[in-house]
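Source file: input.txt; contents: compact mmCIF, C-alpha atoms.
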```txt
# COMPACT_ATOMS: atom_id res chain seq x y z
CA MET A 7 39.82 -35.96 4.81
CA ASN A 8 40.40 -32.23 4.54
CA THR A 9 38.21 -30.11 2.32
CA ARG A 10 39.24 -26.81 0.96
CA PRO A 11 37.01 -24.05 2.31
CA VAL A 12 35.02 -22.15 -0.23
CA PRO A 13 35.79 -18.45 -0.22
CA PRO A 14 32.83 -16.45 1.11
CA ALA A 15 32.64 -14.39 -2.07
CA VAL A 16 31.91 -17.53 -4.09
CA VAL A 17 28.94 -18.61 -1.98
CA PRO A 18 25.74 -17.05 -3.31
CA ALA A 19 24.24 -14.76 -0.71
CA ILE A 20 20.76 -15.55 -1.92
CA GLY A 21 19.40 -18.14 -4.35
CA ASP A 22 18.88 -17.57 -8.05
CA ASN A 23 15.11 -17.84 -7.62
CA ALA A 24 15.18 -15.19 -4.92
CA GLN A 25 17.33 -13.00 -7.16
CA ARG A 26 14.64 -13.22 -9.84
CA TRP A 27 11.99 -12.17 -7.34
CA LEU A 28 14.15 -9.25 -6.22
CA ARG A 29 14.48 -8.25 -9.86
CA PHE A 30 10.68 -8.40 -10.10
CA LEU A 31 10.44 -6.25 -6.96
CA SER A 32 12.71 -3.63 -8.52
CA ARG A 33 10.16 -3.29 -11.31
CA TRP A 34 6.90 -3.77 -9.39
CA SER A 35 7.88 -1.10 -6.85
CA ILE A 36 7.79 1.57 -9.57
CA PRO A 37 4.07 1.34 -10.53
CA THR A 38 3.20 0.91 -6.84
CA ALA A 39 5.00 4.16 -6.00
CA LEU A 40 3.33 5.89 -8.96
CA ALA A 41 -0.11 4.66 -7.85
CA TYR A 42 0.44 6.08 -4.36
CA LEU A 43 1.77 9.34 -5.78
CA GLY A 44 -1.08 9.68 -8.25
CA LEU A 45 -3.69 9.08 -5.55
CA MET A 46 -2.18 11.68 -3.22
CA VAL A 47 -1.64 14.33 -5.89
CA LEU A 48 -5.10 13.99 -7.44
CA PHE A 49 -6.90 13.85 -4.11
CA VAL A 50 -5.12 16.85 -2.61
CA THR A 51 -5.01 19.07 -5.70
CA LEU A 52 -8.26 18.16 -7.45
CA VAL A 53 -10.73 16.29 -5.22
CA LEU A 54 -10.45 18.35 -2.04
CA PRO A 55 -10.88 21.73 -3.81
CA ALA A 56 -13.75 20.40 -5.94
CA GLY A 57 -16.24 20.18 -3.07
CA SER A 58 -19.13 22.65 -3.23
CA GLY A 59 -19.38 23.00 0.53
CA SER A 60 -23.09 22.25 0.46
CA LEU A 61 -22.64 19.09 2.53
CA PRO A 62 -20.83 18.47 5.83
CA GLU A 63 -17.16 17.46 5.66
CA GLU A 64 -17.88 13.76 6.17
CA PHE A 65 -19.81 13.76 2.87
CA LEU A 66 -17.00 15.43 0.89
CA GLU A 67 -16.45 12.47 -1.45
CA LEU A 68 -20.18 12.12 -2.10
CA ASP A 69 -20.30 15.82 -2.95
CA VAL A 70 -17.32 15.63 -5.32
CA ALA A 71 -18.56 12.38 -6.92
CA GLY A 72 -21.80 14.19 -7.78
CA ILE A 73 -20.15 17.35 -9.09
CA ALA A 74 -17.24 15.78 -10.98
CA PRO A 75 -17.81 12.01 -11.27
CA GLY A 76 -15.12 11.51 -13.93
CA LEU A 77 -12.48 13.24 -11.85
CA TYR A 78 -13.51 11.31 -8.76
CA ARG A 79 -13.42 7.95 -10.54
CA LEU A 80 -9.98 8.69 -12.00
CA THR A 81 -8.65 9.48 -8.54
CA ILE A 82 -10.05 6.33 -6.94
CA VAL A 83 -8.67 4.17 -9.76
CA PHE A 84 -5.24 5.01 -8.33
CA ASP A 85 -6.47 3.81 -4.93
CA VAL A 86 -7.44 0.46 -6.47
CA LEU A 87 -4.05 0.21 -8.18
CA ALA A 88 -2.21 1.09 -4.95
CA TRP A 89 -3.82 -1.82 -3.10
CA LEU A 90 -2.95 -4.19 -5.94
CA GLY A 91 0.61 -2.89 -5.87
CA ILE A 92 0.96 -3.49 -2.12
CA GLY A 93 -0.38 -7.02 -2.47
CA GLY A 94 2.12 -7.81 -5.21
CA LEU A 95 5.02 -6.37 -3.22
CA LEU A 96 4.20 -8.38 -0.11
CA LEU A 97 3.79 -11.62 -2.06
CA ALA A 98 7.08 -11.07 -3.88
CA TRP A 99 8.97 -10.19 -0.68
CA GLY A 100 7.62 -13.26 1.08
CA THR A 101 8.71 -15.48 -1.80
CA ALA A 102 12.15 -13.88 -2.09
CA LEU A 103 12.91 -14.26 1.63
CA ARG A 104 11.34 -17.66 2.34
CA HIS A 105 14.66 -19.57 2.42
CA HIS A 106 16.33 -17.07 4.75
CA ALA A 107 13.52 -16.21 7.16
CA PRO A 108 10.85 -18.87 6.54
CA THR A 109 8.54 -18.05 9.44
CA ARG A 110 8.54 -14.33 8.87
CA ALA A 111 8.41 -14.76 5.10
CA THR A 112 5.27 -16.86 5.52
CA PHE A 113 3.59 -14.05 7.43
CA ILE A 114 4.73 -11.52 4.82
CA SER A 115 3.23 -13.63 2.04
CA ALA A 116 0.03 -14.15 4.04
CA SER A 117 -0.29 -10.42 4.67
CA SER A 118 -0.56 -9.91 0.91
CA ALA A 119 -4.09 -11.32 1.21
CA ALA A 120 -4.93 -8.36 3.45
CA ALA A 121 -4.40 -6.11 0.45
CA LEU A 122 -7.40 -7.83 -1.14
CA ILE A 123 -9.55 -6.52 1.73
CA GLY A 124 -8.42 -2.98 0.98
CA PHE A 125 -8.83 -3.65 -2.74
CA LEU A 126 -12.48 -4.59 -2.19
CA GLY A 127 -12.98 -1.41 -0.17
CA ALA A 128 -11.43 0.66 -2.96
CA CYS A 129 -13.71 -1.03 -5.52
CA LEU A 130 -16.73 -0.14 -3.36
CA ARG A 131 -15.44 3.40 -3.17
CA LEU A 132 -15.06 3.50 -6.95
CA SER A 133 -18.43 2.05 -7.89
CA ALA A 134 -20.87 2.78 -5.07
CA THR A 135 -19.96 6.37 -4.17
CA PRO A 136 -20.64 7.87 -7.65
CA GLU A 137 -23.83 5.82 -7.86
CA LEU A 138 -25.11 7.19 -4.56
CA ALA A 139 -24.04 10.69 -5.58
CA SER A 140 -26.01 10.45 -8.80
CA ARG A 141 -29.10 9.24 -6.96
CA TYR A 142 -28.69 11.98 -4.35
CA LEU A 143 -28.69 14.72 -6.98
CA SER A 144 -31.78 13.30 -8.73
CA THR A 145 -33.75 12.71 -5.50
CA PRO A 146 -36.20 15.23 -4.02
CA ALA A 147 -34.86 17.12 -1.00
CA SER A 148 -37.28 15.34 1.35
CA ASP A 149 -35.75 11.93 0.51
CA ARG A 150 -32.09 12.96 0.60
CA PRO A 151 -31.48 12.33 4.32
CA ALA A 152 -32.05 8.61 3.73
CA LEU A 153 -29.41 8.59 1.00
CA LEU A 154 -26.99 10.45 3.25
CA GLU A 155 -27.51 7.79 5.89
CA ALA A 156 -26.93 5.09 3.30
CA TYR A 157 -23.68 6.77 2.29
CA ARG A 158 -22.63 7.01 5.94
CA GLU A 159 -23.07 3.25 6.27
CA LEU A 160 -21.13 2.71 3.02
CA LEU A 161 -18.34 4.95 4.29
CA ASN A 162 -18.15 2.99 7.54
CA LEU A 163 -17.82 -0.25 5.58
CA ILE A 164 -15.09 1.23 3.36
CA ASN A 165 -13.20 2.52 6.40
CA VAL A 166 -13.36 -0.88 8.07
CA THR A 167 -11.96 -2.62 5.00
CA PHE A 168 -9.21 0.00 4.66
CA SER A 169 -8.32 -0.23 8.35
CA ALA A 170 -8.32 -4.03 8.54
CA GLY A 171 -6.44 -4.42 5.28
CA GLY A 172 -4.08 -1.57 6.08
CA LEU A 173 -3.28 -2.90 9.55
CA LEU A 174 -2.17 -6.30 8.27
CA ALA A 175 -0.54 -5.05 5.07
CA ASN A 176 1.49 -2.44 6.95
CA ALA A 177 2.48 -5.09 9.49
CA GLY A 178 3.80 -7.13 6.58
CA LEU A 179 5.74 -4.14 5.25
CA LEU A 180 7.18 -3.48 8.69
CA LEU A 181 8.33 -7.09 8.89
CA VAL A 182 9.95 -6.72 5.46
CA THR A 183 11.86 -3.76 6.88
CA ILE A 184 13.04 -5.78 9.87
CA VAL A 185 14.15 -8.79 7.82
CA THR A 186 15.95 -6.71 5.18
CA TRP A 187 17.44 -4.12 7.52
CA ARG A 188 21.00 -5.16 6.71
CA GLY A 189 22.11 -6.45 3.34
CA VAL A 190 19.04 -6.38 1.10
CA LEU A 191 18.00 -2.73 1.20
CA PRO A 192 19.95 0.39 2.14
CA ARG A 193 19.13 1.56 5.63
CA TRP A 194 17.62 4.82 4.42
CA VAL A 195 15.13 2.83 2.36
CA GLY A 196 14.36 0.59 5.33
CA LEU A 197 13.84 3.69 7.49
CA LEU A 198 11.33 5.14 5.03
CA LEU A 199 9.42 1.85 4.76
CA GLY A 200 9.54 1.28 8.52
CA LEU A 201 8.28 4.75 9.44
CA GLY A 202 5.62 4.73 6.73
CA SER A 203 4.27 1.29 7.65
CA GLY A 204 4.46 2.13 11.37
CA LEU A 205 2.32 5.23 10.88
CA GLY A 206 -0.09 3.16 8.78
CA ILE A 207 -0.44 0.64 11.61
CA ILE A 208 -1.13 3.39 14.15
CA LYS A 209 -3.69 5.06 11.91
CA ALA A 210 -5.51 1.81 11.12
CA ALA A 211 -5.52 0.65 14.75
CA LEU A 212 -6.91 3.95 16.04
CA LEU A 213 -9.70 3.93 13.47
CA LEU A 214 -10.64 0.32 14.23
CA VAL A 215 -10.46 0.55 18.02
CA ALA A 216 -11.38 4.14 18.80
CA GLY A 217 -13.09 5.34 15.64
CA VAL A 218 -10.53 8.15 15.33
CA ASP A 219 -9.53 8.96 11.74
CA LEU A 220 -6.13 10.66 11.58
CA GLY A 221 -6.06 11.67 7.94
CA PRO A 222 -2.84 13.75 8.11
CA LEU A 223 -1.05 10.80 9.73
CA ALA A 224 -2.15 8.57 6.87
CA LEU A 225 -0.96 11.14 4.34
CA LEU A 226 2.48 11.35 5.97
CA GLY A 227 2.71 7.56 6.06
CA ALA A 228 1.76 7.35 2.38
CA ILE A 229 4.43 9.92 1.46
CA LEU A 230 7.09 7.94 3.33
CA LEU A 231 5.99 4.66 1.73
CA THR A 232 6.01 6.22 -1.73
CA ALA A 233 9.59 7.36 -1.20
CA GLY A 234 10.45 3.94 0.23
CA PHE A 235 9.02 2.13 -2.79
CA ALA A 236 10.97 4.40 -5.13
CA GLY A 237 14.12 3.71 -3.10
CA THR A 238 13.43 -0.02 -3.23
CA ALA A 239 13.12 0.11 -7.01
CA SER A 240 16.33 2.10 -7.38
CA SER A 241 18.49 0.03 -5.01
CA LEU A 242 17.29 -3.39 -6.18
CA TRP A 243 17.55 -2.35 -9.82
CA ARG A 244 21.21 -1.43 -9.38
CA THR A 245 21.93 -4.65 -7.51
CA THR A 246 20.11 -7.09 -9.78
CA THR A 247 21.13 -5.56 -13.12
CA THR A 248 24.85 -5.27 -12.35
CA GLY A 249 25.21 -8.92 -11.43
CA GLY A 250 25.70 -8.21 -7.72
CA GLN A 251 24.55 -10.62 -5.04
CA VAL A 252 22.27 -9.59 -2.23
CA ASN A 253 23.37 -10.70 1.20
CA PRO A 254 20.54 -10.68 3.73
CA THR A 255 22.84 -11.07 6.73
CA THR A 256 20.09 -10.66 9.28
CA ALA A 257 17.54 -12.85 7.53
CA HIS A 258 17.51 -16.08 9.48
```

The structure in this file should be written as structure tokens.
Amino acid sequence: MNTRPVPPAVVPAIGDNAQRWLRFLSRWSIPTALAYLGLMVLFVTLVLPAGSGSLPEEFLELDVAGIAPGLYRLTIVFDVLAWLGIGGLLLAWGTALRHHAPTRATFISASSAAALIGFLGACLRLSATPELASRYLSTPASDRPALLEAYRELLNLINVTFSAGGLLANAGLLLVTIVTWRGVLPRWVGLLLGLGSGLGIIKAALLLVAGVDLGPLALLGAILLTAGFAGTASSLWRTTTTGGQVNPTTAH
């Protein structure tokens, strides 16, 4: 019995459920990009210049949190939102791609949990740093070294959570880039996401293994990811709102 072949254009490239998740991604990518952008702009233009210079560079955030606690809290709120945004993106990507690359999609979804580690670190940064700064300013000079040591321990804990969460979350984003390299996202968007997540992995690994903090590398990676998230929003919005079908040709 002969069956008439179905023209390729009639076969959906990706399921309706996945299309809905891609539509969600086109929207969720926008606040994530804005959270990254807000964090970078506020930190570079307001937090860094606000330091009094009375403390060593490693205590910059403690200094600023004491001088301008409202400004500092506003800045770190964007850090909290950025981690939430990354977690949502990874979970949505893993769900959208699970029928086309099940093994890799499972890892992508699992890596969204790593964003919770960074989220906890950002919450510590938001709540504990201003508290220590307030206590530092109201404490006699003879007792301040103990508070500085307490802040140093807090900073180490925050850096560990950021590095561990960032390492796994960026690995998930890099895997998203690999799976969607052809068909789902334009290559220029994939390049931005791939380079940004790759720099994030390098920065996090160096801090965890060698204790080396490459701040400028993290800033460059964040800029690339911000542009990549904006590109993701733009490209998926055009695809999902015009009735087009996404064809993840390399997702298998």

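Proximity ranking of A:Ile164, A:Val182, A:Leu174, A:Ala134 relative to Ala210 of chain A places A:Leu174 first, based on only C-alpha atoms.
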
*Work out how far atom CA of Phe168 of chain A is from atom CA of Leu231 of chain A, in Å to one decimal.*
16.2 Å

_segment 90-92 of chain A environment, 9 Å, all atoms listed in the file, sequence neighbours closer than 2 positions dropped, as a ChimeraX atom specification_ = /A:34-35,37-39,41,85-88,94-97,118,121-122,124-125,175,179

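Atom CA of Phe235 of chain A to atom CA of Ile36 of chain A spans 6.9 Å [interatomic distance, one decimal].
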
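Restricting the calculation to only C-alpha atoms, the smallest distance between Ala170 of chain A and any of A:Leu198, A:Val215, A:Ala139, A:Leu205 is found for A:Val215.
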
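Minimum atom-to-atom distances from A:Arg79, A:Arg26, A:His105, A:Arg33 to Gly237 of chain A were compared using only C-alpha atoms, and the lowest value belongs to A:Arg33.
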
*Neighbour list for Leu66 of chain A as a ChimeraX atom specification, cut-off 12 Å, only C-alpha atoms, skip fewer than 3 positions in-chain*: /A:49,53-63,69-74,78,135-136,139,154,157-158,161

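Computed from the coordinates, the atom CA of Ala224 of chain A to atom CA of Gly202 of chain A distance equals 8.7 Å.
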
*Mind listing whatever residues come within 10 Å of the point (-4.7, 1.5, 14.8)? Use all atoms listed in the file, file coordinates, and give them as JSON, numbers by chain.*
{"A": [169, 170, 172, 173, 204, 205, 206, 207, 208, 209, 210, 211, 212, 213, 214, 215, 216, 217, 218, 219, 220]}

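Restricting the calculation to only C-alpha atoms, the smallest distance between Leu160 of chain A and any of A:Ile123, A:Ala239, A:Leu180, A:Leu68 is found for A:Leu68.
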
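Using all atoms listed in the file, the nearest neighbour of Thr101 of chain A within the list A:Ile82, A:Glu159, A:Phe30, A:Asp149 is A:Phe30.
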
*Can you pull out every residue within 9 Å of Ala24 of chain A, counting only C-alpha atoms, but drop anything in the same chain fewer than 4 positions away, and send it as a ChimeraX atom specification?*
/A:20,28-29,101-105

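Using all atoms listed in the file, the shortest contact distance between Tyr142 of chain A and any of A:Leu223, A:Trp89, A:Glu155, A:Gln25 is found at A:Glu155.
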
Any chance you could model N, CA, C and O atoms for segment 53-65 of chain A and send them as an mmCIF file, in the coordinates of the input?
```
data_model
loop_
_atom_site.group_PDB
_atom_site.id
_atom_site.type_symbol
_atom_site.label_atom_id
_atom_site.label_comp_id
_atom_site.auth_asym_id
_atom_site.auth_seq_id
_atom_site.Cartn_x
_atom_site.Cartn_y
_atom_site.Cartn_z
ATOM 1 N N VAL A 53 -9.504 16.725 -5.907
ATOM 2 C CA VAL A 53 -10.730 16.290 -5.220
ATOM 3 C C VAL A 53 -11.092 17.217 -4.078
ATOM 4 O O VAL A 53 -12.234 17.681 -3.971
ATOM 5 N N LEU A 54 -10.145 17.498 -3.198
ATOM 6 C CA LEU A 54 -10.450 18.350 -2.040
ATOM 7 C C LEU A 54 -10.969 19.735 -2.456
ATOM 8 O O LEU A 54 -11.972 20.209 -1.899
ATOM 9 N N PRO A 55 -10.347 20.408 -3.433
ATOM 10 C CA PRO A 55 -10.880 21.730 -3.810
ATOM 11 C C PRO A 55 -12.186 21.672 -4.590
ATOM 12 O O PRO A 55 -12.846 22.706 -4.764
ATOM 13 N N ALA A 56 -12.572 20.487 -5.079
ATOM 14 C CA ALA A 56 -13.750 20.400 -5.940
ATOM 15 C C ALA A 56 -15.060 20.388 -5.165
ATOM 16 O O ALA A 56 -16.132 20.512 -5.768
ATOM 17 N N GLY A 57 -15.011 20.222 -3.855
ATOM 18 C CA GLY A 57 -16.240 20.180 -3.070
ATOM 19 C C GLY A 57 -16.988 21.507 -3.116
ATOM 20 O O GLY A 57 -16.384 22.582 -3.092
ATOM 21 N N SER A 58 -18.306 21.430 -3.163
ATOM 22 C CA SER A 58 -19.130 22.650 -3.230
ATOM 23 C C SER A 58 -19.354 23.274 -1.870
ATOM 24 O O SER A 58 -19.757 24.437 -1.777
ATOM 25 N N GLY A 59 -19.131 22.490 -0.814
ATOM 26 C CA GLY A 59 -19.380 23.000 0.530
ATOM 27 C C GLY A 59 -20.825 22.924 0.960
ATOM 28 O O GLY A 59 -21.183 23.395 2.043
ATOM 29 N N SER A 60 -21.668 22.333 0.128
ATOM 30 C CA SER A 60 -23.090 22.250 0.460
ATOM 31 C C SER A 60 -23.406 21.118 1.432
ATOM 32 O O SER A 60 -24.497 21.073 1.989
ATOM 33 N N LEU A 61 -22.461 20.208 1.623
ATOM 34 C CA LEU A 61 -22.640 19.090 2.530
ATOM 35 C C LEU A 61 -21.573 19.135 3.622
ATOM 36 O O LEU A 61 -20.500 19.710 3.421
ATOM 37 N N PRO A 62 -21.847 18.521 4.782
ATOM 38 C CA PRO A 62 -20.830 18.470 5.830
ATOM 39 C C PRO A 62 -19.562 17.769 5.352
ATOM 40 O O PRO A 62 -19.561 17.044 4.353
ATOM 41 N N GLU A 63 -18.471 17.966 6.087
ATOM 42 C CA GLU A 63 -17.160 17.460 5.660
ATOM 43 C C GLU A 63 -17.145 15.953 5.469
ATOM 44 O O GLU A 63 -16.453 15.448 4.582
ATOM 45 N N GLU A 64 -17.901 15.211 6.280
ATOM 46 C CA GLU A 64 -17.880 13.760 6.170
ATOM 47 C C GLU A 64 -18.459 13.261 4.838
ATOM 48 O O GLU A 64 -18.207 12.129 4.428
ATOM 49 N N PHE A 65 -19.213 14.128 4.160
ATOM 50 C CA PHE A 65 -19.810 13.760 2.870
ATOM 51 C C PHE A 65 -19.048 14.384 1.700
ATOM 52 O O PHE A 65 -19.597 14.504 0.594
#
```
